[in-house]
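Shown below: work.txt, with compact mmCIF, C-alpha atoms.
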# COMPACT_ATOMS: atom_id res chain seq x y z
CA MET G 1 -16.14 3.97 45.81
CA SER G 2 -19.14 2.75 43.83
CA ASP G 3 -17.48 4.17 40.71
CA MET G 4 -14.41 2.13 41.46
CA LYS G 5 -16.55 -0.99 41.54
CA ASN G 6 -17.85 -0.16 38.09
CA ILE G 7 -14.38 0.34 36.69
CA TYR G 8 -12.99 -2.79 38.29
CA PRO G 9 -15.73 -5.39 38.27
CA LYS G 10 -15.69 -8.48 40.45
CA GLN G 11 -14.14 -10.78 37.84
CA ASN G 12 -11.02 -8.64 37.68
CA SER G 13 -10.19 -9.23 41.31
CA ASN G 14 -9.90 -12.95 40.69
CA LYS G 15 -7.30 -14.71 38.65
CA LEU G 16 -8.34 -16.13 35.32
CA SER G 17 -8.42 -19.92 35.61
CA GLU G 18 -7.05 -22.22 32.93
CA THR G 19 -10.58 -23.24 31.96
CA GLN G 20 -11.70 -19.63 31.66
CA LEU G 21 -8.65 -18.84 29.54
CA ASN G 22 -9.37 -21.81 27.26
CA ALA G 23 -12.99 -20.71 26.92
CA LYS G 24 -11.86 -17.25 25.88
CA LEU G 25 -9.24 -18.61 23.48
CA ASN G 26 -11.89 -20.77 21.82
CA THR G 27 -13.92 -17.70 20.87
CA TYR G 28 -11.23 -16.54 18.45
CA GLN G 29 -11.25 -18.27 15.08
CA PRO G 30 -9.51 -16.57 12.16
CA ALA G 31 -11.55 -16.06 9.03
CA PRO G 32 -11.13 -18.78 6.39
CA HIS G 33 -8.87 -18.14 3.41
CA SER G 34 -10.20 -16.89 0.12
CA ASP G 35 -11.70 -19.46 -2.27
CA LEU G 36 -9.35 -18.16 -4.92
CA LEU G 37 -6.20 -18.94 -2.94
CA ALA G 38 -5.84 -22.57 -4.08
CA GLY G 39 -6.29 -21.55 -7.71
CA ARG G 40 -3.76 -18.77 -7.30
CA ILE G 41 -1.19 -21.18 -5.86
CA LEU G 42 -1.78 -23.70 -8.62
CA LYS G 43 -1.42 -21.05 -11.30
CA THR G 44 1.85 -19.80 -9.80
CA ALA G 45 3.12 -23.38 -9.38
CA ARG G 46 2.54 -24.02 -13.10
CA ALA G 47 4.80 -21.10 -13.89
CA THR G 48 7.43 -22.14 -11.32
CA PRO G 49 9.92 -24.81 -12.34
CA GLN G 50 10.68 -27.44 -9.74
CA ASP G 51 14.05 -27.31 -8.11
CA THR G 52 16.68 -29.87 -8.94
CA VAL G 53 19.74 -28.40 -7.23
CA VAL G 54 19.17 -27.71 -3.55
CA PRO G 55 18.29 -30.84 -1.59
CA ALA G 56 15.25 -30.30 0.60
CA LYS G 57 16.99 -31.51 3.73
CA THR G 58 19.72 -28.87 3.44
CA TYR G 59 17.22 -26.04 3.11
CA VAL G 60 17.79 -23.54 5.86
CA PRO G 61 14.92 -21.08 6.31
CA ALA G 62 15.96 -17.45 6.15
CA ASN G 63 15.16 -16.91 9.77
CA ASP G 64 17.09 -19.89 11.09
CA THR G 65 18.36 -18.99 14.54
CA ARG G 66 20.81 -21.85 15.02
CA PHE G 67 23.87 -19.70 14.33
CA LYS G 68 22.82 -16.47 15.94
CA TYR G 69 25.01 -17.07 19.02
CA TRP G 70 28.26 -17.47 17.08
CA PRO G 71 29.21 -13.76 17.12
CA ARG G 72 28.72 -13.68 20.90
CA ILE G 73 30.79 -16.83 21.41
CA ALA G 74 33.54 -15.44 19.17
CA ALA G 75 33.53 -12.14 21.09
CA VAL G 76 33.83 -13.93 24.45
CA CYS G 77 36.73 -16.06 23.14
CA LEU G 78 38.49 -12.95 21.84
CA ILE G 79 38.10 -11.13 25.16
CA ALA G 80 39.33 -14.19 27.09
CA PHE G 81 42.36 -14.50 24.82
CA ALA G 82 43.19 -10.80 25.08
CA THR G 83 42.87 -10.84 28.87
CA THR G 84 45.07 -13.91 29.26
CA PHE G 85 47.67 -12.49 26.91
CA SER G 86 47.75 -9.14 28.77
CA VAL G 87 48.02 -10.77 32.18
CA MET G 88 50.82 -13.07 31.07
CA THR G 89 52.72 -10.24 29.42
CA LEU G 90 52.46 -7.93 32.41
CA ASN G 91 53.32 -10.60 35.00
CA PRO G 92 56.04 -12.84 33.57
CA THR G 93 56.63 -15.89 35.70
CA SER G 94 59.91 -15.61 37.56
CA ILE G 95 62.02 -18.61 38.39
CA PRO G 96 61.82 -19.31 42.10
CA GLU G 97 64.97 -18.97 44.18
CA THR G 98 65.04 -22.69 44.92
CA ASP G 99 65.19 -23.46 41.19
CA GLU G 100 68.21 -21.17 40.80
CA THR G 101 70.01 -23.03 43.57
CA VAL G 102 69.24 -26.38 42.01
CA TRP G 103 70.53 -25.23 38.62
CA GLN G 104 73.66 -23.82 40.21
CA GLU G 105 74.38 -27.10 42.03
CA ALA G 106 73.73 -29.09 38.88
CA ALA G 107 76.11 -26.88 36.91
CA LEU G 108 78.70 -27.27 39.65
CA GLN G 109 78.40 -31.06 39.58
CA LEU G 110 78.75 -31.15 35.80
CA GLY G 111 81.76 -28.87 35.85
CA LEU G 112 79.91 -26.13 34.01
CA ASP G 113 80.08 -23.60 36.81
CA ASP G 114 82.07 -21.15 34.67
CA ILE G 115 79.43 -21.11 31.99
CA TYR G 116 76.70 -20.82 34.60
CA ASP G 117 78.36 -17.84 36.25
CA TRP G 118 78.90 -16.21 32.85
CA VAL G 119 75.22 -16.60 31.94
CA GLU G 120 74.03 -15.36 35.32
CA GLU G 121 76.29 -12.31 35.15
CA ASP G 122 75.12 -11.61 31.66
CA VAL G 123 71.48 -11.82 32.73
CA ALA G 124 72.12 -9.66 35.79
CA ALA G 125 73.92 -7.09 33.64
CA ASN G 126 70.92 -6.84 31.33
CA MET E 1 9.57 -38.70 12.55
CA ILE E 2 10.15 -42.11 14.07
CA LYS E 3 12.14 -44.38 11.79
CA GLY E 4 9.96 -46.80 9.94
CA GLN E 5 6.86 -44.67 10.50
CA LEU E 6 5.15 -43.75 7.27
CA ASP E 7 4.55 -40.11 6.43
CA PRO E 8 0.77 -39.63 6.16
CA ASP E 9 1.44 -37.62 3.01
CA HIS E 10 3.70 -40.19 1.34
CA ASP E 11 1.05 -40.86 -1.30
CA VAL E 12 1.10 -37.28 -2.58
CA LEU E 13 4.87 -36.97 -2.24
CA THR E 14 5.48 -39.28 -5.18
CA GLY E 15 3.23 -37.16 -7.37
CA LEU E 16 4.81 -33.92 -6.14
CA MET E 17 8.29 -35.24 -6.84
CA SER E 18 7.35 -35.99 -10.42
CA GLY E 19 5.73 -32.56 -10.86
CA ASP E 20 2.12 -33.78 -10.89
CA GLU E 21 -0.23 -30.84 -10.33
CA ARG E 22 -2.97 -33.17 -9.07
CA ALA E 23 -0.71 -34.05 -6.15
CA LEU E 24 -0.33 -30.36 -5.33
CA THR E 25 -4.11 -29.95 -5.48
CA GLU E 26 -4.53 -32.90 -3.13
CA LEU E 27 -1.91 -31.50 -0.76
CA MET E 28 -3.74 -28.18 -0.69
CA SER E 29 -7.05 -29.88 0.02
CA ARG E 30 -5.40 -31.53 3.02
CA HIS E 31 -3.31 -28.74 4.51
CA LEU E 32 -4.07 -25.34 2.99
CA THR E 33 -6.65 -24.45 5.63
CA ARG E 34 -4.36 -25.45 8.45
CA ILE E 35 -1.29 -23.64 7.09
CA HIS E 36 -3.34 -20.51 6.49
CA ARG E 37 -4.90 -20.73 9.95
CA VAL E 38 -1.50 -21.01 11.66
CA ALA E 39 -0.15 -18.07 9.67
CA ALA E 40 -3.27 -16.03 10.39
CA ARG E 41 -2.94 -16.61 14.11
CA ILE E 42 0.75 -15.71 14.17
CA LEU E 43 0.40 -12.67 11.93
CA GLY E 44 -3.09 -11.56 12.93
CA ASP E 45 -3.70 -10.59 9.31
CA GLN E 46 -5.71 -12.59 6.75
CA ALA E 47 -4.10 -11.19 3.60
CA LEU E 48 -0.56 -11.69 4.83
CA ALA E 49 -1.47 -15.18 5.97
CA GLU E 50 -2.62 -15.99 2.43
CA ASP E 51 0.71 -14.76 1.07
CA VAL E 52 2.55 -16.97 3.56
CA ALA E 53 0.41 -19.98 2.67
CA GLN E 54 1.12 -19.43 -1.01
CA THR E 55 4.86 -19.20 -0.36
CA VAL E 56 4.81 -22.38 1.72
CA PHE E 57 3.05 -24.42 -0.96
CA LEU E 58 5.27 -23.06 -3.70
CA LYS E 59 8.38 -23.93 -1.67
CA THR E 60 6.98 -27.42 -1.16
CA TRP E 61 6.36 -27.67 -4.88
CA THR E 62 9.84 -26.53 -5.89
CA MET E 63 11.66 -28.55 -3.22
CA ALA E 64 9.65 -31.74 -3.78
CA PRO E 65 12.01 -33.44 -6.30
CA ASN E 66 14.79 -33.37 -3.71
CA TRP E 67 12.70 -34.51 -0.78
CA GLU E 68 14.26 -37.34 1.19
CA ALA E 69 11.74 -39.51 2.93
CA GLY E 70 12.47 -40.42 6.54
CA ASN E 71 13.95 -37.10 7.64
CA ALA E 72 10.79 -35.31 8.67
CA ARG E 73 7.08 -35.44 8.05
CA LEU E 74 6.04 -33.25 5.16
CA LEU E 75 3.45 -31.40 7.24
CA SER E 76 5.97 -30.71 10.03
CA TRP E 77 8.39 -29.32 7.47
CA MET E 78 5.63 -27.16 5.96
CA LEU E 79 4.65 -25.84 9.40
CA ARG E 80 8.28 -25.02 10.09
CA VAL E 81 8.53 -23.09 6.85
CA THR E 82 5.24 -21.37 7.75
CA THR E 83 6.54 -20.12 11.09
CA HIS E 84 9.80 -18.91 9.53
CA GLN E 85 7.92 -17.16 6.74
CA CYS E 86 5.72 -15.46 9.33
CA TYR E 87 8.76 -14.25 11.27
CA ASP E 88 10.29 -12.93 8.06
CA MET E 89 7.04 -11.17 7.27
CA ILE E 90 6.90 -9.60 10.75
CA LYS E 91 10.49 -8.42 10.40
CA LYS E 92 9.87 -6.85 7.02
CA LYS E 93 6.60 -5.19 7.90
CA SER E 94 5.99 -2.49 10.43
CA PRO E 95 3.91 -3.59 13.43
CA ILE E 96 0.66 -5.17 12.40
CA TYR E 97 -2.33 -3.31 13.72
CA THR E 98 -5.65 -5.00 14.07
CA ASP E 99 -7.83 -2.36 12.50
CA ASP E 100 -9.56 -5.02 10.45
CA VAL E 101 -11.63 -6.20 13.38
CA PRO E 102 -15.34 -5.98 12.64
CA GLU E 103 -17.19 -3.01 14.00
CA MET E 104 -19.47 -3.93 16.87
CA THR E 105 -22.96 -2.68 16.17
CA ASP E 106 -25.81 -1.99 18.53
CA ASN E 107 -28.22 -4.07 16.54
CA ALA E 108 -31.05 -4.90 18.92
CA ASP E 109 -31.93 -8.07 17.02
CA MET E 110 -28.56 -9.59 17.68
CA ALA E 111 -28.55 -11.94 20.63
CA ASP E 112 -26.61 -10.75 23.67
CA ILE E 113 -24.55 -13.89 23.72
CA GLN E 114 -23.39 -13.24 20.15
CA ILE E 115 -22.29 -9.72 21.08
CA ILE E 116 -20.38 -10.93 24.09
CA SER E 117 -18.77 -13.66 22.02
CA ASN E 118 -17.66 -11.16 19.36
CA GLU E 119 -16.27 -8.82 21.98
CA THR E 120 -14.36 -11.63 23.62
CA SER E 121 -13.05 -12.77 20.25
CA VAL E 122 -11.74 -9.29 19.49
CA GLN E 123 -10.28 -9.10 22.99
CA VAL E 124 -8.52 -12.46 22.53
CA LYS E 125 -7.19 -11.44 19.13
CA HIS E 126 -5.82 -8.26 20.63
CA ALA E 127 -4.28 -10.21 23.52
CA LEU E 128 -2.68 -12.71 21.13
CA ASN E 129 -1.16 -9.86 19.14
CA THR E 130 0.54 -8.53 22.25
CA LEU E 131 2.42 -11.81 22.75
CA ALA E 132 5.99 -12.30 21.60
CA ASP E 133 6.15 -14.01 18.21
CA ARG E 134 7.59 -17.25 19.54
CA GLN E 135 5.09 -17.43 22.41
CA LYS E 136 2.28 -16.90 19.92
CA THR E 137 3.69 -19.63 17.67
CA ALA E 138 3.97 -22.13 20.53
CA LEU E 139 0.43 -21.40 21.68
CA THR E 140 -0.93 -21.67 18.14
CA LEU E 141 0.78 -24.99 17.45
CA SER E 142 -0.01 -26.50 20.81
CA TYR E 143 -3.41 -25.15 21.78
CA TYR E 144 -5.10 -24.35 18.49
CA GLU E 145 -3.52 -27.02 16.29
CA GLY E 146 -3.31 -29.67 18.98
CA LEU E 147 0.28 -30.67 18.24
CA SER E 148 2.27 -32.54 20.86
CA GLN E 149 4.94 -30.60 22.69
CA LYS E 150 7.63 -32.64 20.97
CA ASP E 151 6.23 -31.94 17.50
CA GLY E 152 5.83 -28.26 18.35
CA ALA E 153 9.38 -28.08 19.68
CA ASP E 154 10.69 -29.80 16.53
CA ILE E 155 8.87 -27.34 14.30
CA MET E 156 10.24 -24.39 16.26
CA ASP E 157 13.69 -25.99 16.39
CA ILE E 158 13.96 -25.72 20.17
CA THR E 159 14.05 -28.16 23.08
CA VAL E 160 10.86 -29.46 24.65
CA GLY E 161 11.79 -27.62 27.86
CA ALA E 162 12.14 -24.32 26.05
CA TYR E 163 8.85 -24.97 24.25
CA GLU E 164 7.05 -25.66 27.53
CA SER E 165 8.50 -22.49 28.96
CA LEU E 166 7.19 -20.50 25.99
CA LEU E 167 3.73 -21.99 26.51
CA VAL E 168 3.67 -21.19 30.22
CA ARG E 169 4.79 -17.61 29.63
CA ALA E 170 2.31 -17.19 26.77
CA ARG E 171 -0.63 -18.30 28.90
CA LYS E 172 0.48 -16.16 31.81
CA ALA E 173 0.83 -13.10 29.59
CA LEU E 174 -2.55 -13.77 28.00
CA LYS E 175 -4.24 -13.99 31.37
CA ASN E 176 -2.72 -10.69 32.44
CA THR E 177 -3.72 -8.94 29.22
CA LEU E 178 -7.25 -10.34 29.24
CA LEU E 179 -7.79 -9.39 32.88
CA ARG E 180 -6.40 -5.92 32.24
CA ASP E 181 -8.72 -5.40 29.25
CA GLU E 182 -11.79 -6.89 30.92
CA PRO E 183 -12.84 -3.65 32.72
CA LEU E 184 -12.95 -1.78 29.39
CA ILE E 185 -15.21 -4.40 27.86
CA GLU E 186 -17.43 -4.43 30.94
CA THR E 187 -17.73 -0.67 30.91
CA LYS E 188 -18.64 -0.80 27.21
CA ARG E 189 -21.28 -3.45 27.86
CA LYS E 190 -22.79 -1.47 30.72
CA SER E 191 -22.88 1.76 28.76
CA ARG E 192 -24.68 -0.03 25.93
CA SER E 193 -27.24 -1.65 28.19
Now, as a test, write the supplied structure out as structure tokens.
Amino acid sequence: MSDMKNIYPKQNSNKLSETQLNAKLNTYQPAPHSDLLAGRILKTARATPQDTVVPAKTYVPANDTRFKYWPRIAAVCLIAFATTFSVMTLNPTSIPETDETVWQEAALQLGLDDIYDWVEEDVAAN
Amino acid sequence: MIKGQLDPDHDVLTGLMSGDERALTELMSRHLTRIHRVAARILGDQALAEDVAQTVFLKTWTMAPNWEAGNARLLSWMLRVTTHQCYDMIKKKSPIYTDDVPEMTDNADMADIQIISNETSVQVKHALNTLADRQKTALTLSYYEGLSQKDGADIMDITVGAYESLLVRARKALKNTLLRDEPLIETKRKSRS
């Protein structure tokens, strides 16, 4: 049990507070850059012509993530379209009985009952 | 940038736009250390951070003639390019290992506090390297560089809410990693003493 205490000291049993975390974070400072870096940049800049074509505001960094969701959105749209199309093809909407009666009465009133019967028979035959 | 607010670097921008090398030198004297520091914290590698800093300043140099004042602060734009360059670098390279950490010696002359500080620094560096890239970036911009959450979110091109979330998760993950590693450091200290 005493060994366990050595492996897991008292501090580990407590949570690290925000202040303690900040204190730890403050201990890490990266080493400064080389003294030659500025000179190296200046030398390369002299050999690099300034751009006159691409406006700075339209520059999109290579790792821009603004458009990374487009393929997913396109895939979802495609699936939704395919599903809707399949459902509508497999389950065509049938005209309710009441509609048929209404059409029949309308045809009767207009004196087109012969044509109506002919169409209905034709549909039934098919 | 708020409309009507002057870019603190507007004085060097004119020189940069006309291809004046003195303006580039002045810009480097103002921001090179900061850009390098941000890159070094995200990448955890000094040499790669220098490459990133060089790329950022060269991009600034080449893009300068087309810079339109009022869209963004120059430094914010440079920090944005820095983070993107770092991500590109991480993608290209295999995982970055932190073998470059200084060896801890048992020099008796060295004060105990210095040893503990070095150990903690190495521990923190290791913990930072275990964070996700975006969490590390948010923490670097906010904690180490003291940027406001809005500025940090603008640089990372995310909402303030998302930025805050990254910060919270980064700190939580750091605490867990540091607490998990603490026993190893303690054991090392005890075995030395």
Between atom CA of E:Asn66 and atom CA of E:Ala153 - distance in Å to one decimal: 24.6 Å
Would you work out the distance separating atom CA of E:Val160 from atom CA of E:Ala132, expressed in Å to one decimal?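 Interatomic distance here is 18.1 Å.
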Atom pair atom CA of G:Thr27 + atom CA of E:Tyr144, distance 11.3 Å
Residues near E:Thr130, cut-off 9 Å, all atoms listed in the file, skip fewer than 5 positions along chain, as a list in words: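 Once the adjacent positions are removed, what remains is Lys125, Lys136, Ala173, Leu174 and Thr177 of chain E.
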Let me see the file: selected residues, C-alpha atoms, as a PDB file, in the frame of the given file.
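part03.pdb was written with the following content:
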ATOM      1  CA  LYS E 125      -7.190 -11.440  19.130  1.00  0.00           C
ATOM      2  CA  LYS E 136       2.280 -16.900  19.920  1.00  0.00           C
ATOM      3  CA  ALA E 173       0.830 -13.100  29.590  1.00  0.00           C
ATOM      4  CA  LEU E 174      -2.550 -13.770  28.000  1.00  0.00           C
ATOM      5  CA  THR E 177      -3.720  -8.940  29.220  1.00  0.00           C
TER       6      THR E 177
END
Using all atoms listed in the file, find the residues of chain E whose closest atom to chain G is at most 7 Å away, then write them as a PyMOL selection string. chain E and resi 28+36-37+40-41+50+54+58+61-63+65-68+81+84+88+117+120-121+124-125+175+179+183+187
Can you tell me which residues surround stretch 120-126 of chain G at a distance of at most 10 Å, considering only C-alpha atoms, apart from same-chain residues fewer than 3 positions away, and format the answer as a list of chain:residue names?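 In the requested format, the answer is G:Glu100, G:Gln104, G:Asp114, G:Ile115, G:Tyr116, G:Asp117.
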